[in-house]
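Raw upload-v3.cif, mmCIF, C-alpha atoms (C1' of nucleotides):
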data_protein
#
loop_
_atom_site.label_atom_id
_atom_site.label_comp_id
_atom_site.auth_asym_id
_atom_site.auth_seq_id
_atom_site.Cartn_x
_atom_site.Cartn_y
_atom_site.Cartn_z
CA MET A 30 117.36 65.09 104.11
CA ALA A 31 120.74 64.09 102.77
CA LEU A 32 120.74 65.42 99.28
CA THR A 33 119.78 68.69 97.75
CA PRO A 34 118.89 68.21 94.10
CA PRO A 35 121.25 70.03 91.78
CA GLN A 36 119.93 73.26 90.40
CA LEU A 37 119.15 72.35 86.81
CA HIS A 38 118.63 75.88 85.70
CA PRO A 39 120.06 79.01 87.22
CA ALA A 40 117.90 80.23 90.05
CA VAL A 41 115.31 82.80 89.10
CA LYS A 42 116.42 86.34 89.48
CA PRO A 43 116.70 87.06 93.20
CA ALA A 44 113.86 88.98 94.80
CA SER A 45 116.23 91.74 95.80
CA ALA A 46 117.10 92.41 92.16
CA ILE A 47 113.48 92.36 91.06
CA LEU A 48 112.38 94.67 93.85
CA PHE A 49 115.15 97.11 93.10
CA GLU A 50 114.36 97.13 89.41
CA LEU A 51 110.72 97.65 90.17
CA PHE A 52 111.63 100.63 92.32
CA GLN A 53 113.83 102.12 89.63
CA ARG A 54 111.09 101.88 87.05
CA LEU A 55 108.49 103.45 89.27
CA LEU A 56 110.86 106.26 90.21
CA ALA A 57 111.76 106.89 86.59
CA ALA A 58 108.11 106.92 85.56
CA TYR A 59 106.56 108.97 88.32
CA GLY A 60 109.46 110.86 89.89
CA PRO A 61 110.14 111.44 93.60
CA GLN A 62 106.91 111.82 95.59
CA HIS A 63 108.41 113.44 98.71
CA TRP A 64 105.85 111.89 101.05
CA TRP A 65 104.10 112.10 103.50
CA PRO A 66 101.86 115.03 102.56
CA GLY A 67 101.75 116.71 105.97
CA GLU A 68 103.64 119.52 107.60
CA THR A 69 104.39 117.94 110.96
CA PRO A 70 104.73 114.40 112.33
CA PHE A 71 101.52 115.00 114.25
CA GLU A 72 99.66 116.00 111.10
CA VAL A 73 101.05 112.91 109.35
CA THR A 74 99.71 110.74 112.14
CA ILE A 75 96.26 112.31 112.00
CA GLY A 76 96.27 111.88 108.22
CA ALA A 77 97.21 108.22 108.58
CA ILE A 78 94.02 107.60 110.55
CA LEU A 79 91.77 109.80 108.43
CA THR A 80 92.89 108.17 105.17
CA GLN A 81 91.82 104.68 106.22
CA SER A 82 89.88 103.40 103.22
CA THR A 83 89.31 106.97 102.12
CA ALA A 84 90.44 109.09 99.18
CA TRP A 85 93.18 111.53 100.17
CA LYS A 86 91.25 114.43 98.69
CA ASN A 87 88.61 113.99 101.37
CA VAL A 88 91.29 113.75 104.04
CA GLU A 89 92.68 117.12 102.95
CA ARG A 90 89.29 118.69 103.50
CA ALA A 91 89.01 117.16 106.96
CA ILE A 92 92.50 118.34 107.93
CA ALA A 93 91.77 121.83 106.63
CA SER A 94 88.62 121.82 108.73
CA LEU A 95 90.59 120.78 111.80
CA LYS A 96 93.08 123.59 111.21
CA LEU A 97 90.31 126.12 110.70
CA ARG A 98 88.78 125.17 114.05
CA GLY A 99 92.10 125.12 115.86
CA LEU A 100 91.76 121.40 116.52
CA LEU A 101 94.90 120.20 114.78
CA ASP A 102 96.72 119.85 118.05
CA PRO A 103 96.99 116.88 120.42
CA GLY A 104 95.76 118.83 123.45
CA GLU A 105 92.81 120.24 121.59
CA LEU A 106 91.88 116.81 120.28
CA ARG A 107 91.78 115.59 123.86
CA ARG A 108 89.65 118.54 124.95
CA VAL A 109 87.05 118.69 122.19
CA PRO A 110 83.87 116.62 122.58
CA VAL A 111 83.82 113.63 120.21
CA ALA A 112 80.58 114.78 118.63
CA ARG A 113 82.14 118.11 117.68
CA LEU A 114 85.28 116.37 116.46
CA ALA A 115 83.19 114.05 114.31
CA GLU A 116 81.48 117.04 112.77
CA ALA A 117 84.82 118.65 112.02
CA ILE A 118 86.22 115.65 110.15
CA ARG A 119 83.01 114.90 108.31
CA PRO A 120 84.43 115.07 104.75
CA SER A 121 86.81 112.18 105.46
CA GLY A 122 83.93 109.76 105.91
CA TYR A 123 83.42 107.25 108.75
CA TYR A 124 83.53 110.35 110.90
CA ASN A 125 82.06 108.78 114.02
CA VAL A 126 84.56 105.95 114.27
CA LYS A 127 87.42 108.15 113.12
CA ALA A 128 86.63 110.74 115.78
CA LYS A 129 87.03 108.00 118.38
CA LYS A 130 90.24 106.87 116.75
CA LEU A 131 91.69 110.37 116.83
CA LYS A 132 90.73 110.60 120.50
CA ALA A 133 92.49 107.31 121.25
CA MET A 134 95.61 108.42 119.38
CA ALA A 135 95.65 111.83 121.08
CA ALA A 136 95.29 110.18 124.47
CA TRP A 137 98.23 107.90 123.79
CA LEU A 138 100.31 110.79 122.49
CA GLY A 139 99.62 112.61 125.73
CA ALA A 140 101.24 109.75 127.61
CA GLN A 141 104.25 110.27 125.33
CA LYS A 142 104.33 113.96 126.19
CA ASP A 143 103.17 114.71 122.63
CA SER A 144 106.80 114.36 121.56
CA PHE A 145 107.55 112.72 118.24
CA ALA A 146 111.20 113.52 118.81
CA ALA A 147 111.06 111.25 121.84
CA LEU A 148 109.14 108.59 119.92
CA SER A 149 111.75 108.61 117.18
CA ARG A 150 114.40 107.64 119.69
CA ARG A 151 112.57 104.53 120.78
CA ASP A 152 113.05 100.93 119.74
CA ILE A 153 111.08 100.04 116.60
CA ALA A 154 109.62 96.71 117.71
CA SER A 155 108.25 97.85 121.04
CA LEU A 156 106.99 101.11 119.60
CA ARG A 157 105.15 99.22 116.89
CA LEU A 158 103.47 96.97 119.44
CA GLU A 159 102.40 99.97 121.45
CA LEU A 160 100.96 101.70 118.38
CA LEU A 161 99.04 98.52 117.52
CA SER A 162 97.52 98.52 120.99
CA ILE A 163 95.86 101.87 120.30
CA TRP A 164 92.21 101.50 119.33
CA GLY A 165 91.81 102.22 115.63
CA VAL A 166 95.46 101.66 114.77
CA GLY A 167 96.09 98.56 112.67
CA GLU A 168 99.24 97.39 110.91
CA GLU A 169 99.22 99.82 108.01
CA THR A 170 98.45 102.83 110.18
CA ALA A 171 101.07 101.84 112.75
CA ASP A 172 103.71 101.38 110.07
CA SER A 173 102.76 104.65 108.38
CA VAL A 174 103.35 106.46 111.66
CA LEU A 175 106.63 104.62 112.20
CA LEU A 176 107.92 105.41 108.72
CA TYR A 177 106.49 108.82 107.91
CA ALA A 178 106.21 110.40 111.35
CA CYS A 179 109.05 108.69 113.23
CA ASN A 180 111.44 108.13 110.31
CA LYS A 181 111.85 104.44 111.07
CA PRO A 182 112.91 102.01 108.32
CA VAL A 183 109.59 100.12 108.27
CA PHE A 184 107.94 99.15 105.00
CA VAL A 185 104.27 100.12 104.72
CA VAL A 186 101.97 97.64 103.00
CA ASP A 187 98.59 98.65 101.64
CA ALA A 188 95.96 97.27 99.27
CA TYR A 189 97.84 98.65 96.26
CA THR A 190 101.06 96.95 97.33
CA ARG A 191 99.31 93.61 97.65
CA ARG A 192 97.55 93.87 94.32
CA ILE A 193 100.65 94.95 92.42
CA MET A 194 102.81 92.23 93.95
CA ALA A 195 100.17 89.61 93.21
CA ARG A 196 99.75 90.72 89.61
CA LEU A 197 103.49 90.70 89.07
CA GLY A 198 103.47 87.14 90.37
CA LEU A 199 105.84 88.02 93.19
CA LEU A 200 103.43 86.92 95.92
CA PRO A 201 100.34 84.71 96.21
CA PRO A 202 97.22 86.93 96.39
CA THR A 203 96.41 85.53 99.83
CA THR A 204 99.69 86.64 101.42
CA ASP A 205 99.03 88.42 104.69
CA TYR A 206 100.41 91.78 105.78
CA ALA A 207 103.50 90.42 107.52
CA GLY A 208 104.35 88.21 104.57
CA CYS A 209 104.15 91.05 102.11
CA GLN A 210 106.14 93.33 104.38
CA ALA A 211 108.78 90.64 104.83
CA LEU A 212 109.30 90.36 101.08
CA PHE A 213 110.42 93.98 100.98
CA MET A 214 112.25 94.21 104.28
CA ASN A 215 114.15 90.95 103.82
CA ASN A 216 115.27 91.84 100.32
CA LEU A 217 116.00 95.54 100.48
CA PRO A 218 118.38 97.58 102.61
CA ARG A 219 116.59 98.96 105.64
CA HIS A 220 116.74 102.58 104.65
CA THR A 221 114.01 104.99 105.66
CA GLY A 222 114.33 107.10 102.52
CA LEU A 223 114.01 104.07 100.26
CA TYR A 224 110.91 102.74 102.03
CA ASN A 225 109.42 106.20 102.11
CA GLU A 226 109.69 106.63 98.36
CA TYR A 227 108.89 103.03 97.47
CA HIS A 228 105.56 102.92 99.25
CA ALA A 229 104.57 106.31 97.86
CA LEU A 230 105.39 105.17 94.33
CA LEU A 231 103.37 101.97 94.73
CA VAL A 232 100.37 104.04 95.79
CA VAL A 233 100.77 106.43 92.89
CA HIS A 234 101.11 103.58 90.43
CA GLY A 235 98.19 101.77 92.05
CA LYS A 236 95.97 104.75 91.33
CA SER A 237 97.02 104.76 87.70
CA ALA A 238 95.41 102.98 84.78
CA CYS A 239 96.46 99.57 86.05
CA LYS A 240 93.88 99.83 88.80
CA THR A 241 90.94 98.27 87.05
CA ASP A 242 92.17 97.05 83.70
CA PRO A 243 92.75 93.30 83.77
CA VAL A 244 95.25 93.98 81.03
CA CYS A 245 96.65 97.48 81.13
CA ARG A 246 98.22 99.12 78.15
CA ALA A 247 101.27 101.31 78.22
CA CYS A 248 102.08 100.22 81.75
CA VAL A 249 105.44 101.37 83.06
CA LEU A 250 105.97 97.93 84.59
CA ALA A 251 105.20 96.08 81.37
CA SER A 252 108.56 94.35 81.06
CA LEU A 253 108.28 93.01 84.60
CA CYS A 254 104.92 91.35 84.12
CA PRO A 255 105.08 87.56 83.76
CA GLN A 256 102.04 86.81 81.62
CA GLY A 257 101.03 89.69 79.45
CA ASN A 258 100.51 93.17 80.74
CA ARG A 259 98.94 92.68 84.13
CA CYS A 260 100.44 94.82 86.82
"C1'" DA B 2 74.15 105.42 89.15
"C1'" DA B 3 76.91 101.93 90.88
"C1'" DC B 4 81.44 101.57 92.51
"C1'" DC B 5 85.24 102.62 95.36
"C1'" DA B 6 89.01 105.31 98.03
"C1'" DG B 7 96.54 104.99 100.84
"C1'" DG B 8 91.64 100.09 106.97
"C1'" DA B 9 90.22 98.45 111.28
"C1'" DG B 10 87.07 96.52 114.79
"C1'" DA B 11 83.27 93.42 115.97
"C1'" DC B 12 81.45 89.23 115.30
"C1'" DA B 13 80.49 84.59 113.34
"C1'" DT B 14 82.37 80.41 111.63
"C1'" DA C 16 92.90 81.55 112.08
"C1'" DT C 17 89.90 83.20 108.33
"C1'" DG C 18 85.64 85.45 106.34
"C1'" DT C 19 81.87 88.96 106.41
"C1'" DC C 20 79.66 93.15 107.93
"C1'" DT C 21 79.85 97.98 109.19
"C1'" DC C 22 81.39 102.54 109.09
"C1'" DA C 23 80.21 107.39 105.18
"C1'" DT C 24 81.73 111.19 102.23
"C1'" DG C 25 82.80 112.69 97.55
"C1'" DG C 26 84.71 111.69 92.84
"C1'" DT C 27 84.23 109.02 88.50
#
Could you write out this structure as structure tokens?
Amino acid sequence: MALTPPQLHPAVKPASAILFELFQRLLAAYGPQHWWPGETPFEVTIGAILTQSTAWKNVERAIASLKLRGLLDPGELRRVPVARLAEAIRPSGYYNVKAKKLKAMAAWLGAQKDSFAALSRRDIASLRLELLSIWGVGEETADSVLLYACNKPVFVVDAYTRRIMARLGLLPPTTDYAGCQALFMNNLPRHTGLYNEYHALLVVHGKSACKTDPVCRACVLASLCPQGNRC
DNA sequence: AACCAGGAGACAT
DNA sequence: ATGTCTCATGGT
């Protein structure tokens, strides 16, 4: 094509500006979240699997149960029979599949010498592919481990992120994981601390009143919503 | 008392 | 490639 039509009106506000403003508002409204709730990178990783489609409250119970039984350790997870592991994580739901997932993760960690320090030194792209190859680890779980356990600048996308972005009109509702992740990573500086806090804030906001209301009142993102109060 | 949580794998289309 | 089903406890 030879010609690019002249821009008749100034381009819409760049995505980078919108995303940064969104972040500022969430931070001002909810405050720093200091995620991930977990004392060690290993515990973060276990939590990332246990929280799949599950309320965090139930995950806390499962993790407490693992601690109580001395199972919150990669070696112990490898040793314990799956049936007993399933029983231990029962409050988190889906305990049979999740027991298998924890086993798969523990086995892989063993091949990494159970060292998150070593993992954190590795290349992001190849590490992500390896995490995705573990049974039970999908994109969100892999990215949660990369960001919150390995301190990598990788943006985590979840159901809340998708819904909020769609309601703000920043993405089509059908946008896939990679597309949603790209919006953030291509328009924000690749800083671990920023991604850490941003994702946490999106989750916190997602759980707020805006969850079910088609039109939410007193929403902290009100001024960013295109048509009415729908974030 | 239905509805749903900080998803992912198996399987059909 | 995209859609549907399954997995399961506990809170609202």
ask   = Mind listing as an MDAnalysis selection string which residues of chain A are within 7 Å of chain B, counting all atoms listed in the file?
value = chainID A and resid 80:84 165 167 187 232
task = Compile the residues of chain A that lie within 7 Å of chain C, evaluated using all atoms listed in the file, and express the compilation as a PyMOL selection string.
result = chain A and resi 120-123+126
Store the residues picked out above, limited to C-alpha atoms, as a PDB file, in the frame of the given file.
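Ended up saving to selection-v1.pdb:
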ATOM      1  CA  PRO A 120      84.430 115.070 104.750  1.00  0.00           C
ATOM      2  CA  SER A 121      86.810 112.180 105.460  1.00  0.00           C
ATOM      3  CA  GLY A 122      83.930 109.760 105.910  1.00  0.00           C
ATOM      4  CA  TYR A 123      83.420 107.250 108.750  1.00  0.00           C
ATOM      5  CA  VAL A 126      84.560 105.950 114.270  1.00  0.00           C
TER       6      VAL A 126
END
task = Could you tell me how far CA of Gln62 (chain A) lies from CA of Ala229 (chain A), in Å and to one decimal?
result = 6.4 Å
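From CA of Phe184 (chain A) back to CA of Gly60 (chain A), the distance works out to 19.2 Å.
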key: Close residues, Leu51 (chain A) itself excluded, 12 Å, all atoms listed in the file, min 4 positions apart in chain, as number ranges by chain   = A: 44-47, 55-58, 193-194, 197, 199, 213, 217, 227-228, 230-231, 234, 249-254, 260
Output C-alpha atoms for every residue in that selection, as an mmCIF file, in the coordinates of the input.
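File written: out38.cif
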data_model
loop_
_atom_site.group_PDB
_atom_site.id
_atom_site.type_symbol
_atom_site.label_atom_id
_atom_site.label_comp_id
_atom_site.auth_asym_id
_atom_site.auth_seq_id
_atom_site.Cartn_x
_atom_site.Cartn_y
_atom_site.Cartn_z
ATOM 1 C CA ALA A 44 113.860 88.980 94.800
ATOM 2 C CA SER A 45 116.230 91.740 95.800
ATOM 3 C CA ALA A 46 117.100 92.410 92.160
ATOM 4 C CA ILE A 47 113.480 92.360 91.060
ATOM 5 C CA LEU A 55 108.490 103.450 89.270
ATOM 6 C CA LEU A 56 110.860 106.260 90.210
ATOM 7 C CA ALA A 57 111.760 106.890 86.590
ATOM 8 C CA ALA A 58 108.110 106.920 85.560
ATOM 9 C CA ILE A 193 100.650 94.950 92.420
ATOM 10 C CA MET A 194 102.810 92.230 93.950
ATOM 11 C CA LEU A 197 103.490 90.700 89.070
ATOM 12 C CA LEU A 199 105.840 88.020 93.190
ATOM 13 C CA PHE A 213 110.420 93.980 100.980
ATOM 14 C CA LEU A 217 116.000 95.540 100.480
ATOM 15 C CA TYR A 227 108.890 103.030 97.470
ATOM 16 C CA HIS A 228 105.560 102.920 99.250
ATOM 17 C CA LEU A 230 105.390 105.170 94.330
ATOM 18 C CA LEU A 231 103.370 101.970 94.730
ATOM 19 C CA HIS A 234 101.110 103.580 90.430
ATOM 20 C CA VAL A 249 105.440 101.370 83.060
ATOM 21 C CA LEU A 250 105.970 97.930 84.590
ATOM 22 C CA ALA A 251 105.200 96.080 81.370
ATOM 23 C CA SER A 252 108.560 94.350 81.060
ATOM 24 C CA LEU A 253 108.280 93.010 84.600
ATOM 25 C CA CYS A 254 104.920 91.350 84.120
ATOM 26 C CA CYS A 260 100.440 94.820 86.820
#
query = What's the 12 Å shell around Leu148 (chain A), counting all atoms listed in the file, without same-chain residues fewer than 2 positions away, as number ranges by chain?
reply = A: 70-71, 137-146, 150-153, 155-157, 159-160, 174-176, 178-181
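One finds CA of Ser94 (chain A) at 28.2 Å from CA of Val186 (chain A).
The closest residue to Lys132 (chain A), picked from A:Val166, A:Ala195, A:Leu161, A:Ile92 and counting all atoms listed in the file, is A:Val166.
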Please complete region 204-222 of chain A with N, CA and C atoms and give it back as a PDB file, in the coordinates of the input.
ATOM      1  N   THR A 204      98.628  86.303 100.467  1.00  0.00           N
ATOM      2  CA  THR A 204      99.690  86.640 101.420  1.00  0.00           C
ATOM      3  C   THR A 204      99.223  87.702 102.411  1.00  0.00           C
ATOM      4  N   ASP A 205      99.480  87.465 103.679  1.00  0.00           N
ATOM      5  CA  ASP A 205      99.030  88.420 104.690  1.00  0.00           C
ATOM      6  C   ASP A 205      99.988  89.606 104.785  1.00  0.00           C
ATOM      7  N   TYR A 206      99.642  90.545 105.654  1.00  0.00           N
ATOM      8  CA  TYR A 206     100.410  91.780 105.780  1.00  0.00           C
ATOM      9  C   TYR A 206     101.880  91.509 106.079  1.00  0.00           C
ATOM     10  N   ALA A 207     102.122  90.697 107.096  1.00  0.00           N
ATOM     11  CA  ALA A 207     103.500  90.420 107.520  1.00  0.00           C
ATOM     12  C   ALA A 207     104.304  89.773 106.406  1.00  0.00           C
ATOM     13  N   GLY A 208     103.664  88.885 105.650  1.00  0.00           N
ATOM     14  CA  GLY A 208     104.350  88.210 104.570  1.00  0.00           C
ATOM     15  C   GLY A 208     104.761  89.159 103.466  1.00  0.00           C
ATOM     16  N   CYS A 209     103.860  90.072 103.145  1.00  0.00           N
ATOM     17  CA  CYS A 209     104.150  91.050 102.110  1.00  0.00           C
ATOM     18  C   CYS A 209     105.242  92.021 102.578  1.00  0.00           C
ATOM     19  N   GLN A 210     105.137  92.429 103.813  1.00  0.00           N
ATOM     20  CA  GLN A 210     106.140  93.330 104.380  1.00  0.00           C
ATOM     21  C   GLN A 210     107.517  92.660 104.416  1.00  0.00           C
ATOM     22  N   ALA A 211     107.524  91.383 104.742  1.00  0.00           N
ATOM     23  CA  ALA A 211     108.780  90.640 104.830  1.00  0.00           C
ATOM     24  C   ALA A 211     109.485  90.558 103.489  1.00  0.00           C
ATOM     25  N   LEU A 212     108.698  90.426 102.408  1.00  0.00           N
ATOM     26  CA  LEU A 212     109.300  90.360 101.080  1.00  0.00           C
ATOM     27  C   LEU A 212     110.175  91.592 100.830  1.00  0.00           C
ATOM     28  N   PHE A 213     109.663  92.743 101.190  1.00  0.00           N
ATOM     29  CA  PHE A 213     110.420  93.980 100.980  1.00  0.00           C
ATOM     30  C   PHE A 213     111.558  94.123 101.980  1.00  0.00           C
ATOM     31  N   MET A 214     111.250  93.929 103.250  1.00  0.00           N
ATOM     32  CA  MET A 214     112.250  94.210 104.280  1.00  0.00           C
ATOM     33  C   MET A 214     113.376  93.182 104.334  1.00  0.00           C
ATOM     34  N   ASN A 215     113.098  91.961 103.842  1.00  0.00           N
ATOM     35  CA  ASN A 215     114.150  90.950 103.820  1.00  0.00           C
ATOM     36  C   ASN A 215     114.992  90.998 102.559  1.00  0.00           C
ATOM     37  N   ASN A 216     114.545  91.809 101.595  1.00  0.00           N
ATOM     38  CA  ASN A 216     115.270  91.840 100.320  1.00  0.00           C
ATOM     39  C   ASN A 216     115.736  93.220  99.894  1.00  0.00           C
ATOM     40  N   LEU A 217     115.531  94.183 100.770  1.00  0.00           N
ATOM     41  CA  LEU A 217     116.000  95.540 100.480  1.00  0.00           C
ATOM     42  C   LEU A 217     116.741  96.070 101.694  1.00  0.00           C
ATOM     43  N   PRO A 218     117.706  96.957 101.470  1.00  0.00           N
ATOM     44  CA  PRO A 218     118.380  97.580 102.610  1.00  0.00           C
ATOM     45  C   PRO A 218     117.370  98.339 103.452  1.00  0.00           C
ATOM     46  N   ARG A 219     117.561  98.318 104.747  1.00  0.00           N
ATOM     47  CA  ARG A 219     116.590  98.960 105.640  1.00  0.00           C
ATOM     48  C   ARG A 219     116.870 100.445 105.766  1.00  0.00           C
ATOM     49  N   HIS A 220     116.524 101.133 104.697  1.00  0.00           N
ATOM     50  CA  HIS A 220     116.740 102.580 104.650  1.00  0.00           C
ATOM     51  C   HIS A 220     115.398 103.313 104.619  1.00  0.00           C
ATOM     52  N   THR A 221     115.260 104.238 105.541  1.00  0.00           N
ATOM     53  CA  THR A 221     114.010 104.990 105.660  1.00  0.00           C
ATOM     54  C   THR A 221     113.632 105.690 104.357  1.00  0.00           C
ATOM     55  N   GLY A 222     114.617 106.346 103.736  1.00  0.00           N
ATOM     56  CA  GLY A 222     114.330 107.100 102.520  1.00  0.00           C
ATOM     57  C   GLY A 222     113.844 106.204 101.390  1.00  0.00           C
TER      58      GLY A 222
END
